[in-house]
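Chemist: Next up, structure26.txt (compact mmCIF, C-alpha atoms).
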```txt
# COMPACT_ATOMS: atom_id res chain seq x y z
CA MET A 254 0.00 0.00 0.00
CA ALA A 255 2.83 2.36 -0.80
CA VAL A 256 2.74 4.36 -4.01
CA ALA A 257 6.24 5.85 -3.79
CA PRO A 258 8.21 2.65 -4.62
CA VAL A 259 5.95 1.96 -7.59
CA LYS A 260 6.34 5.52 -8.84
CA ARG A 261 10.12 5.29 -8.52
CA ALA A 262 10.23 2.00 -10.44
CA LEU A 263 8.06 3.37 -13.23
CA GLU A 264 10.09 6.55 -13.50
CA LYS A 265 13.32 4.56 -13.51
CA ALA A 266 11.89 2.49 -16.38
CA GLY A 267 11.27 5.69 -18.34
CA ALA A 268 7.56 6.22 -17.67
CA ARG A 269 5.95 9.46 -16.55
CA VAL A 270 3.53 9.14 -13.63
CA VAL A 271 0.30 10.86 -14.57
CA GLU A 272 -1.95 10.16 -11.59
CA THR A 273 -2.15 8.21 -8.34
CA GLY A 274 -4.97 7.57 -5.93
CA PRO A 275 -7.02 5.19 -3.81
CA ILE A 276 -9.53 2.74 -5.30
CA ASP A 277 -11.87 0.05 -4.04
CA MET A 278 -13.21 1.84 -0.97
CA PRO A 279 -16.16 0.00 0.49
CA PRO A 280 -16.80 0.96 4.10
CA TRP A 281 -15.58 -2.36 5.50
CA PRO A 282 -12.11 -3.79 6.01
CA GLY A 283 -12.18 -6.65 3.51
CA PHE A 284 -13.90 -9.70 2.12
CA ASP A 285 -14.33 -11.20 5.57
CA ALA A 286 -16.87 -8.47 6.31
CA LEU A 287 -19.10 -9.35 3.36
CA GLY A 288 -21.00 -11.74 5.63
CA SER A 289 -21.99 -8.74 7.75
CA LEU A 290 -23.17 -6.95 4.63
CA GLY A 291 -25.36 -9.92 3.70
CA ARG A 292 -26.85 -10.02 7.20
CA ALA A 293 -27.60 -6.30 7.04
CA ILE A 294 -29.41 -6.76 3.75
CA ARG A 295 -31.41 -9.69 5.11
CA ARG A 296 -32.39 -7.68 8.21
CA ARG A 297 -33.94 -5.14 5.87
CA ARG A 298 -36.07 -7.90 4.37
CA VAL A 299 -38.90 -8.05 6.88
CA ALA A 300 -40.76 -11.22 5.99
CA SER A 301 -38.11 -13.34 4.32
CA ALA A 302 -35.13 -15.27 5.61
CA ALA A 303 -34.02 -15.99 2.04
CA PRO A 304 -30.47 -14.97 1.15
CA ALA A 305 -30.05 -11.58 -0.46
CA SER A 306 -30.22 -11.64 -4.22
CA ASP A 307 -27.32 -10.56 -6.38
CA ASP A 308 -29.36 -7.52 -7.40
CA GLU A 309 -29.78 -6.43 -3.77
CA VAL A 310 -26.08 -6.78 -3.05
CA GLU A 311 -25.24 -4.91 -6.27
CA ARG A 312 -27.57 -2.02 -5.33
CA MET A 313 -25.98 -1.72 -1.88
CA LEU A 314 -22.45 -1.85 -3.28
CA THR A 315 -23.35 0.83 -5.82
CA LYS A 316 -24.35 3.13 -2.97
CA PHE A 317 -20.99 2.54 -1.29
CA THR A 318 -19.16 3.23 -4.57
CA ALA A 319 -20.29 6.85 -4.32
CA LEU A 320 -17.62 7.31 -1.65
CA GLU A 321 -14.94 6.31 -4.13
CA TYR A 322 -16.03 8.95 -6.64
CA SER A 323 -16.86 11.66 -4.12
CA ARG A 324 -14.91 14.88 -3.79
CA LEU A 325 -13.75 14.03 -0.29
CA PRO A 326 -10.06 14.76 0.29
CA ARG A 327 -7.75 11.82 -0.40
CA LEU A 328 -6.67 11.84 3.25
CA LEU A 329 -10.21 10.85 4.28
CA LYS A 330 -10.45 8.17 1.60
CA LEU A 331 -7.13 6.43 2.25
CA PRO A 332 -8.18 4.55 5.41
CA LEU A 333 -10.98 2.88 3.42
CA ALA A 334 -8.95 2.10 0.30
CA HIS A 335 -8.22 -1.55 -0.34
CA GLN A 336 -5.90 -0.68 -3.18
CA LEU A 337 -3.98 2.24 -4.63
CA TYR A 338 -3.34 2.90 -8.28
CA VAL A 339 -0.54 4.49 -10.25
CA LEU A 340 -1.29 5.58 -13.80
CA ALA A 341 1.76 6.20 -15.95
CA GLU A 342 2.55 6.69 -19.59
CA LYS A 343 5.63 5.60 -21.45
CA THR A 344 7.72 8.50 -22.67
CA ASN A 345 9.30 8.52 -26.11
CA ALA A 346 12.77 9.23 -24.73
```
Now, as a test, write the supplied structure out as structure tokens.
Modeler:
Amino acid sequence: MAVAPVKRALEKAGARVVETGPIDMPPWPGFDALGSLGRAIRRRRVASAAPASDDEVERMLTKFTALEYSRLPRLLKLPLAHQLYVLAEKTNA
């Protein structure tokens, strides 16, 4: 989860770093918490104990994705980021 070594390696290889940032920012710590998400969805289903459908999970995840694309400062997003990205372009040099 450190961008600096990746940036250095890309620059050393002759690429120009264009952009960096956090991605994949659901408000839970990892895949182990998906069970909690499923339980939360099922609690919202009053009369049914059936597992949440893929559509229900997709709708909930779409709501959480708004955080990723929000204008919040990067400093507030970093604790939720599961991954960081480095976008670079190869220079013609």
Chemist: Write out as a tab-separated table (two decimals) with C-alpha atoms, in the frame of the given file the residues lying within 12 Å of region 336-340 of chain A, counting all atoms listed in the file and excluding same-chain residues fewer than 6 positions away.
Modeler:
```tsv
chain	number	residue	atom	x	y	z
A	254	MET	CA	0.00	0.00	0.00
A	255	ALA	CA	2.83	2.36	-0.80
A	256	VAL	CA	2.74	4.36	-4.01
A	257	ALA	CA	6.24	5.85	-3.79
A	258	PRO	CA	8.21	2.65	-4.62
A	259	VAL	CA	5.95	1.96	-7.59
A	260	LYS	CA	6.34	5.52	-8.84
A	261	ARG	CA	10.12	5.29	-8.52
A	262	ALA	CA	10.23	2.00	-10.44
A	263	LEU	CA	8.06	3.37	-13.23
A	264	GLU	CA	10.09	6.55	-13.50
A	268	ALA	CA	7.56	6.22	-17.67
A	269	ARG	CA	5.95	9.46	-16.55
A	270	VAL	CA	3.53	9.14	-13.63
A	271	VAL	CA	0.30	10.86	-14.57
A	272	GLU	CA	-1.95	10.16	-11.59
A	273	THR	CA	-2.15	8.21	-8.34
A	274	GLY	CA	-4.97	7.57	-5.93
A	275	PRO	CA	-7.02	5.19	-3.81
A	276	ILE	CA	-9.53	2.74	-5.30
A	277	ASP	CA	-11.87	0.05	-4.04
A	278	MET	CA	-13.21	1.84	-0.97
A	279	PRO	CA	-16.16	0.00	0.49
A	282	PRO	CA	-12.11	-3.79	6.01
A	283	GLY	CA	-12.18	-6.65	3.51
A	321	GLU	CA	-14.94	6.31	-4.13
A	327	ARG	CA	-7.75	11.82	-0.40
A	330	LYS	CA	-10.45	8.17	1.60
```
Chemist: Quick check, in Å to one decimal: how far apart do CA of Asp307 (chain A) and CA of Pro332 (chain A) lie?
Modeler: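 Taking CA of Asp307 (chain A) as the start and CA of Pro332 (chain A) as the end point, the length is 27.1 Å.
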Chemist: Select, from A:Pro326, A:Ala266, A:Glu311, A:Lys316, the residue with the minimum atom-to-atom distance to Asn345 (chain A), counting all atoms listed in the file.
Modeler: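 Nearest candidate to Asn345 (chain A) out of A:Pro326, A:Ala266, A:Glu311, A:Lys316: A:Ala266.
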Chemist: For a test of reading the model, state the distance in Å between CA of Lys343 (chain A) and CA of Gly267 (chain A), rounded to one decimal.
Modeler: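 Taking CA of Lys343 (chain A) and CA of Gly267 (chain A), their separation equals 6.4 Å.
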